[in-house]
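One structure is given here, and the rest of the page talks about it.
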Amino acid sequence: MLNPFDRYALQKAIELKRNNNAKITCVTMGPPPAVEVLIDAFDYGADYGVLLTDKRLAASDTLATSYALHMVARHLGEFDIIFTGLQTTDGDTAQVGPQIAERLGIPQITYCEELEVVNKKIKARRVVEGGCQIMEAGMPALITVANSATPLGHKKFADVAEVKEFLRHPDERQKRIKTVNLDDINADPKRIGLVGSPTVVGKTWKIGEIGGSCVMFQGESLQREVEELMEHLEQDEREIGEIINVQR
Ligand SMILES: Cc1cc2nc3c(=O)[nH]c(=O)nc-3n(C[C@H](O)[C@H](O)[C@H](O)COP(=O)(O)OP(=O)(O)OC[C@H]3O[C@@H](n4cnc5c(N)ncnc54)[C@H](O)[C@@H]3O)c2cc1C
């Protein structure tokens with residue numbers, strides 16, 4: 001599935017595309033069924049898709065993933081901006097975007113909420129603790145998009161209908177969706193998969209379920225219900241205070 005954070009990245013790219021007459025190429029690295037991710041992105045308004053798929057990629061960690069993805073970028077040639085999500089809902093590391101930028105030797109603006117391109121320069125607002133930063137970068141650059149960036153738009157019927165149509169024509173499908181393997185992008189097999197991944201999962205375990213309880217306050221009036229709630233919270237606070245004191 002399309003990583004939920006990548007929806008924000010795609011949305012920002014689509015906004016820029018509208019204002020700058022640009023084209024969007026979406027890239028996904030995954031097994032063959034990951035082509036569905038590209039089709040989903042087409043439905044939202046992407047123009048081209050590239051699926052990097054190769055059995056040798058199995059067990060790749062973030063370092064290997066960013067190596068493979070930056071090789072796709074090199075293979076595709078010139079670009080203005082690479083958008084990535086902030087993080088995945090899988091590994092959750094938020095490393096892949098910045099690593100791709102480092103490997104390509106291009107500027108990166110992470111946690112980006114707003115951006116525009118003015119005179120071939122990117123002006124972006126990024127989230128920082130307690131505020132924001134306004135940054136400028138030349139192009140090409142890489143942007144990781146924060147999930148506070150933008151309300152997500154819906155698929156448009158016209159886009160979905162157009163995608164359905166081109167998928168029915170093998171020639172058109174081939175023009176829009178490219179499938180590549182490691183040899184096509186000149187990637188070094190020693191830098192991907194298990195052998196190219198320095199991360200080792202030492203142990204995994206289940207942390208158990210976090211329980212919770214629910215108390216309903218039903219007094220004769222709203223005021224009484226709020227008073228009961230406050231008494232309950234104060235009692236909780238006293239008990240927590242006692243626990244902390246005992247631990248000290
Ligand atoms: C030891 C180890 C073994 C692993 N083995 C496997 C395995 O066998 N098979 C497997 O599927 N996963 C495997 N993973 C998980 C995989 O490495 C990560 O999902 C991947 O590297 C992305 O890292 P992340 O989830 O932290 O992404 P983040 O860094 O949190 O992602 C940031 C952004 O980068 C972009 N991005 C990340 N991954 C991709 C991608 N694949 N294609 C396009 N854009 C991307 C997205 O825009 C995303 O929003 C393994 C991880 C480890 C640590």
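Ligands are numbered from 1 in the order shown, chains are lettered A, B, ... in the order of the structure tokens, and residues start at 1 in each chain.
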Alpha helix (DSSP H) call set, DSSP backbone run, chain A, as an NGL selection string: :A and (4-20 or 35-44 or 62-76 or 96-104 or 157-167 or 170-176 or 222-247)
Near Ile82 (chain A), counting only C-alpha atoms, which residues have an atom at most 9 Å away, once you skip same-chain residues fewer than 2 positions from it, shown as a count of residues only? 12
Residues within 7 Å of ligand 1, counting only C-alpha atoms and all ligand atoms: report them as a ChimeraX atom specification. /A:3,5-6,27-30,58-65,69,83-97,197,199-201
Quick one: write out the picked residues with N, CA and C atoms as a compact mmCIF listing (two decimals), in the first residue's frame?
```
# COMPACT_ATOMS: atom_id res chain seq x y z
N ASN A 3 2.41 4.23 1.42
CA ASN A 3 2.69 4.63 2.79
C ASN A 3 1.89 5.91 3.12
N PHE A 5 2.26 8.41 4.99
CA PHE A 5 3.05 9.66 5.01
C PHE A 5 3.38 10.13 3.59
N ASP A 6 3.48 9.17 2.67
CA ASP A 6 3.82 9.54 1.29
C ASP A 6 2.67 10.24 0.57
N VAL A 27 8.40 6.66 -7.58
CA VAL A 27 9.28 5.49 -7.55
C VAL A 27 8.94 4.66 -6.33
N THR A 28 8.81 3.37 -6.52
CA THR A 28 8.65 2.50 -5.37
C THR A 28 9.59 1.31 -5.49
N MET A 29 10.16 0.93 -4.36
CA MET A 29 11.01 -0.26 -4.32
C MET A 29 10.25 -1.31 -3.54
N GLY A 30 9.98 -2.41 -4.15
CA GLY A 30 9.20 -3.45 -3.48
C GLY A 30 9.01 -4.64 -4.40
N ALA A 58 15.78 -8.17 -1.07
CA ALA A 58 15.17 -8.65 0.18
C ALA A 58 16.14 -8.46 1.34
N ALA A 59 15.59 -8.06 2.48
CA ALA A 59 16.34 -7.84 3.73
C ALA A 59 17.16 -6.56 3.73
N SER A 60 16.86 -5.67 2.79
CA SER A 60 17.57 -4.38 2.76
C SER A 60 17.14 -3.52 3.95
N ASP A 61 18.11 -2.91 4.62
CA ASP A 61 17.77 -1.94 5.67
C ASP A 61 17.73 -0.54 5.05
N THR A 62 17.69 0.50 5.87
CA THR A 62 17.51 1.84 5.29
C THR A 62 18.71 2.25 4.44
N LEU A 63 19.92 1.85 4.87
CA LEU A 63 21.12 2.23 4.11
C LEU A 63 21.08 1.63 2.70
N ALA A 64 20.69 0.35 2.65
CA ALA A 64 20.61 -0.33 1.36
C ALA A 64 19.45 0.23 0.52
N THR A 65 18.33 0.54 1.20
CA THR A 65 17.16 1.08 0.49
C THR A 65 17.50 2.43 -0.13
N LEU A 69 17.49 3.39 -4.06
CA LEU A 69 16.61 4.46 -4.57
C LEU A 69 17.41 5.60 -5.20
N PHE A 83 10.65 14.28 -3.65
CA PHE A 83 9.82 14.34 -2.45
C PHE A 83 9.82 12.96 -1.79
N THR A 84 9.99 12.92 -0.50
CA THR A 84 9.72 11.67 0.21
C THR A 84 8.78 12.00 1.36
N GLY A 85 8.17 10.94 1.89
CA GLY A 85 7.39 11.14 3.10
C GLY A 85 8.35 11.40 4.24
N LEU A 86 7.79 11.78 5.37
CA LEU A 86 8.62 12.01 6.55
C LEU A 86 9.20 10.68 7.02
N GLN A 87 8.38 9.68 7.05
CA GLN A 87 8.79 8.36 7.54
C GLN A 87 7.78 7.34 7.03
N THR A 88 8.09 6.08 7.28
CA THR A 88 7.10 5.06 6.89
C THR A 88 6.33 4.62 8.14
N THR A 89 5.25 3.91 7.92
CA THR A 89 4.57 3.30 9.05
C THR A 89 5.09 1.87 9.22
N ASP A 90 6.24 1.59 8.57
CA ASP A 90 6.86 0.28 8.65
C ASP A 90 8.08 0.38 9.57
N GLY A 91 9.21 0.82 9.02
CA GLY A 91 10.43 0.95 9.81
C GLY A 91 10.43 2.22 10.66
N ASP A 92 9.70 3.25 10.18
CA ASP A 92 9.52 4.47 10.99
C ASP A 92 10.79 5.25 11.27
N THR A 93 11.85 5.05 10.51
CA THR A 93 13.12 5.66 10.91
C THR A 93 13.29 7.09 10.42
N ALA A 94 12.60 7.47 9.34
CA ALA A 94 12.77 8.79 8.72
C ALA A 94 14.20 8.99 8.20
N GLN A 95 14.86 7.89 7.86
CA GLN A 95 16.26 7.99 7.41
C GLN A 95 16.40 7.99 5.89
N VAL A 96 15.47 7.33 5.22
CA VAL A 96 15.67 7.08 3.79
C VAL A 96 15.78 8.37 2.97
N GLY A 97 14.88 9.33 3.23
CA GLY A 97 14.93 10.60 2.48
C GLY A 97 16.28 11.29 2.63
N SER A 197 23.44 -4.63 4.22
CA SER A 197 22.67 -3.99 5.30
C SER A 197 23.35 -4.18 6.65
N THR A 199 22.42 -3.08 9.49
CA THR A 199 21.49 -3.20 10.63
C THR A 199 21.20 -4.67 10.91
N VAL A 200 21.29 -5.05 12.16
CA VAL A 200 20.97 -6.43 12.52
C VAL A 200 19.87 -6.41 13.58
N VAL A 201 18.80 -7.15 13.33
CA VAL A 201 17.74 -7.24 14.33
C VAL A 201 18.17 -8.32 15.31
```
Shortest interatomic distance to Thr110 (chain A) - which of A:Ile177, A:Leu38, A:Ile192, A:Ala137, counting only C-alpha atoms: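 Closest to Thr110 (chain A), using only C-alpha atoms: A:Ala137.
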At a cut-off of 8 Å, can you tabulate as JSON lines every residue of region 36-125 of chain A near region 22-26 of chain A together with its closest atom pair and the distance in Å to one decimal, using only C-alpha atoms and ordering rows by chain then number?
```
{"residue": "A:Leu38", "atom": "CA", "partner": "A:Cys26", "partner_atom": "CA", "distance": 6.6}
{"residue": "A:Ala41", "atom": "CA", "partner": "A:Cys26", "partner_atom": "CA", "distance": 7.3}
{"residue": "A:Ala46", "atom": "CA", "partner": "A:Ile24", "partner_atom": "CA", "distance": 5.1}
{"residue": "A:Asp47", "atom": "CA", "partner": "A:Ile24", "partner_atom": "CA", "distance": 5.2}
{"residue": "A:Tyr48", "atom": "CA", "partner": "A:Thr25", "partner_atom": "CA", "distance": 4.4}
{"residue": "A:Gly49", "atom": "CA", "partner": "A:Cys26", "partner_atom": "CA", "distance": 4.7}
{"residue": "A:Val50", "atom": "CA", "partner": "A:Cys26", "partner_atom": "CA", "distance": 6.2}
```
Store the residues picked out above, limited to N, CA and C atoms, as an mmCIF file, in the first residue's frame.
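The resulting file, result_32.cif, is shown below:
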```cif
data_model
loop_
_atom_site.group_PDB
_atom_site.id
_atom_site.type_symbol
_atom_site.label_atom_id
_atom_site.label_comp_id
_atom_site.auth_asym_id
_atom_site.auth_seq_id
_atom_site.Cartn_x
_atom_site.Cartn_y
_atom_site.Cartn_z
ATOM 1 N N LEU A 38 1.943 2.446 -7.350
ATOM 2 C CA LEU A 38 2.107 3.413 -8.439
ATOM 3 C C LEU A 38 0.749 3.768 -9.039
ATOM 4 N N ALA A 41 -0.948 6.147 -6.956
ATOM 5 C CA ALA A 41 -0.360 7.493 -7.134
ATOM 6 C C ALA A 41 -0.837 8.128 -8.447
ATOM 7 N N ALA A 46 -0.241 11.571 -10.346
ATOM 8 C CA ALA A 46 1.148 11.390 -10.792
ATOM 9 C C ALA A 46 1.154 11.065 -12.288
ATOM 10 N N ASP A 47 2.307 11.310 -12.942
ATOM 11 C CA ASP A 47 2.362 11.123 -14.404
ATOM 12 C C ASP A 47 3.059 9.836 -14.829
ATOM 13 N N TYR A 48 4.171 9.529 -14.148
ATOM 14 C CA TYR A 48 4.940 8.333 -14.503
ATOM 15 C C TYR A 48 5.265 7.553 -13.238
ATOM 16 N N GLY A 49 5.531 6.251 -13.421
ATOM 17 C CA GLY A 49 5.870 5.428 -12.261
ATOM 18 C C GLY A 49 7.037 4.516 -12.572
ATOM 19 N N VAL A 50 7.863 4.277 -11.573
ATOM 20 C CA VAL A 50 8.971 3.328 -11.723
ATOM 21 C C VAL A 50 8.915 2.345 -10.563
#
```
Which residues are near Leu115 (chain A)? Cut-off 8 Å, only C-alpha atoms, ignore same chain within fewer than 5 positions. Put them as a VMD selection string. chain A and resid 122 to 125
Between CA of Asn181 (chain A) and CA of Leu51 (chain A), what is the distance in Å, rounded to a tenth? 8.4 Å
Env of region 230-246 of chain A: 10 Å cut, atoms = only C-alpha atoms, seq-sep filter 5 positions within chain, self excluded. Answer as a tab-separated table (two decimals) with C-alpha atoms, in the first residue's frame.
```tsv
chain	number	residue	atom	x	y	z
A	215	VAL	CA	-15.54	5.46	33.76
A	217	PHE	CA	-20.07	9.95	35.12
A	224	ARG	CA	-22.51	17.35	39.18
A	225	GLU	CA	-20.95	15.18	36.44
```
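Each of A:Ala187, A:Val160, A:Lys155, A:Leu104 was checked against Glu78 (chain A) using only C-alpha atoms; the smallest atom-to-atom distance is that of A:Leu104.
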Please, what distance in Å, to one decimal, runs between CA of Gly130 (chain A) and CA of Thr150 (chain A)?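 Separation of CA of Gly130 (chain A) and CA of Thr150 (chain A): 18.9 Å.
In this model, the gap between CA of Thr53 (chain A) and CA of Ala34 (chain A) comes to 8.6 Å.
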So that I can check the secondary structure, give me every residue of region 44-191 of chain A assigned strand (DSSP E or B) by backbone DSSP, as a ChimeraX atom specification. /A:48-52,81-85,108-118,121-128,131-138,141-145,177-180
Selected residues written out with N, CA and C atoms, as a short mmCIF file (atom, residue, chain, number, x, y, z; two decimals), in the first residue's frame:
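Dumped to part-v1.cif:
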```
data_model
loop_
_atom_site.label_atom_id
_atom_site.label_comp_id
_atom_site.auth_asym_id
_atom_site.auth_seq_id
_atom_site.Cartn_x
_atom_site.Cartn_y
_atom_site.Cartn_z
N TYR A 48 4.17 9.53 -14.15
CA TYR A 48 4.94 8.33 -14.50
C TYR A 48 5.26 7.55 -13.24
N GLY A 49 5.53 6.25 -13.42
CA GLY A 49 5.87 5.43 -12.26
C GLY A 49 7.04 4.52 -12.57
N VAL A 50 7.86 4.28 -11.57
CA VAL A 50 8.97 3.33 -11.72
C VAL A 50 8.91 2.34 -10.56
N LEU A 51 8.89 1.07 -10.91
CA LEU A 51 8.93 0.02 -9.88
C LEU A 51 10.31 -0.60 -9.89
N LEU A 52 11.03 -0.47 -8.79
CA LEU A 52 12.32 -1.16 -8.66
C LEU A 52 12.03 -2.46 -7.93
N ILE A 81 13.06 18.23 -8.01
CA ILE A 81 12.84 17.98 -6.58
C ILE A 81 12.50 16.50 -6.37
N ILE A 82 13.12 15.90 -5.37
CA ILE A 82 12.67 14.57 -4.93
C ILE A 82 11.86 14.79 -3.65
N PHE A 83 10.65 14.28 -3.65
CA PHE A 83 9.82 14.34 -2.45
C PHE A 83 9.82 12.96 -1.79
N THR A 84 9.99 12.92 -0.50
CA THR A 84 9.72 11.67 0.21
C THR A 84 8.78 12.00 1.36
N GLY A 85 8.17 10.94 1.89
CA GLY A 85 7.39 11.14 3.10
C GLY A 85 8.35 11.40 4.24
N GLN A 108 18.92 19.18 1.28
CA GLN A 108 17.68 18.55 1.76
C GLN A 108 16.98 19.49 2.73
N ILE A 109 15.67 19.54 2.64
CA ILE A 109 14.87 20.27 3.64
C ILE A 109 13.89 19.26 4.20
N THR A 110 14.04 18.97 5.47
CA THR A 110 13.20 17.93 6.09
C THR A 110 12.04 18.57 6.87
N TYR A 111 11.07 17.76 7.20
CA TYR A 111 9.90 18.21 7.99
C TYR A 111 9.23 19.43 7.34
N CYS A 112 9.13 19.42 6.02
CA CYS A 112 8.63 20.59 5.30
C CYS A 112 7.10 20.64 5.34
N GLU A 113 6.57 21.83 5.64
CA GLU A 113 5.11 22.01 5.68
C GLU A 113 4.60 22.76 4.45
N GLU A 114 5.35 23.77 4.06
CA GLU A 114 4.94 24.63 2.95
C GLU A 114 6.12 24.82 2.02
N LEU A 115 5.86 24.87 0.72
CA LEU A 115 6.97 25.24 -0.17
C LEU A 115 6.47 25.84 -1.46
N GLU A 116 7.32 26.69 -2.02
CA GLU A 116 7.03 27.25 -3.34
C GLU A 116 8.35 27.37 -4.08
N VAL A 117 8.25 27.43 -5.40
CA VAL A 117 9.46 27.62 -6.21
C VAL A 117 9.42 29.02 -6.80
N VAL A 118 10.42 29.82 -6.44
CA VAL A 118 10.49 31.20 -6.93
C VAL A 118 11.85 31.39 -7.58
N LYS A 121 14.35 28.72 -7.24
CA LYS A 121 14.79 28.42 -5.87
C LYS A 121 13.60 27.92 -5.07
N ILE A 122 13.88 26.97 -4.16
CA ILE A 122 12.81 26.47 -3.31
C ILE A 122 12.78 27.32 -2.04
N LYS A 123 11.60 27.79 -1.69
CA LYS A 123 11.41 28.47 -0.40
C LYS A 123 10.52 27.57 0.41
N ALA A 124 10.98 27.16 1.58
CA ALA A 124 10.20 26.17 2.34
C ALA A 124 10.08 26.55 3.80
N ARG A 125 8.96 26.16 4.40
CA ARG A 125 8.80 26.32 5.84
C ARG A 125 8.85 24.94 6.46
N ARG A 126 9.78 24.76 7.42
CA ARG A 126 9.89 23.45 8.05
C ARG A 126 9.52 23.54 9.52
N VAL A 127 8.94 22.45 10.03
CA VAL A 127 8.51 22.42 11.42
C VAL A 127 9.72 22.17 12.30
N VAL A 128 9.86 22.96 13.35
CA VAL A 128 10.85 22.64 14.39
C VAL A 128 10.13 22.73 15.73
N GLY A 131 8.14 25.99 16.90
CA GLY A 131 8.03 27.02 15.86
C GLY A 131 8.29 26.49 14.47
N CYS A 132 8.85 27.35 13.64
CA CYS A 132 9.15 26.90 12.28
C CYS A 132 10.41 27.61 11.77
N GLN A 133 10.99 27.09 10.71
CA GLN A 133 12.15 27.71 10.07
C GLN A 133 11.81 27.96 8.62
N ILE A 134 12.23 29.09 8.09
CA ILE A 134 12.05 29.34 6.66
C ILE A 134 13.40 29.08 6.00
N MET A 135 13.42 28.23 5.01
CA MET A 135 14.69 27.87 4.37
C MET A 135 14.60 28.05 2.87
N GLU A 136 15.76 28.23 2.29
CA GLU A 136 15.83 28.37 0.84
C GLU A 136 16.86 27.38 0.32
N ALA A 137 16.60 26.79 -0.81
CA ALA A 137 17.58 25.87 -1.40
C ALA A 137 17.50 25.96 -2.91
N GLY A 138 18.64 25.70 -3.53
CA GLY A 138 18.64 25.61 -4.99
C GLY A 138 18.10 24.26 -5.42
N ALA A 141 16.89 19.36 -5.28
CA ALA A 141 16.92 19.22 -3.82
C ALA A 141 15.95 18.11 -3.42
N LEU A 142 16.10 17.70 -2.18
CA LEU A 142 15.18 16.68 -1.66
C LEU A 142 14.39 17.27 -0.49
N ILE A 143 13.08 17.01 -0.52
CA ILE A 143 12.18 17.52 0.51
C ILE A 143 11.51 16.34 1.20
N THR A 144 11.55 16.31 2.52
CA THR A 144 10.70 15.33 3.21
C THR A 144 9.52 16.11 3.78
N VAL A 145 8.33 15.58 3.56
CA VAL A 145 7.11 16.35 3.83
C VAL A 145 6.47 15.92 5.15
N ILE A 177 4.56 3.20 -16.99
CA ILE A 177 5.12 2.45 -15.86
C ILE A 177 6.36 1.68 -16.31
N LYS A 178 7.47 1.98 -15.68
CA LYS A 178 8.73 1.32 -16.02
C LYS A 178 9.06 0.36 -14.88
N THR A 179 9.45 -0.86 -15.22
CA THR A 179 9.90 -1.78 -14.18
C THR A 179 11.39 -2.00 -14.37
N VAL A 180 12.15 -1.79 -13.32
CA VAL A 180 13.61 -1.94 -13.43
C VAL A 180 14.13 -2.89 -12.36
#
```
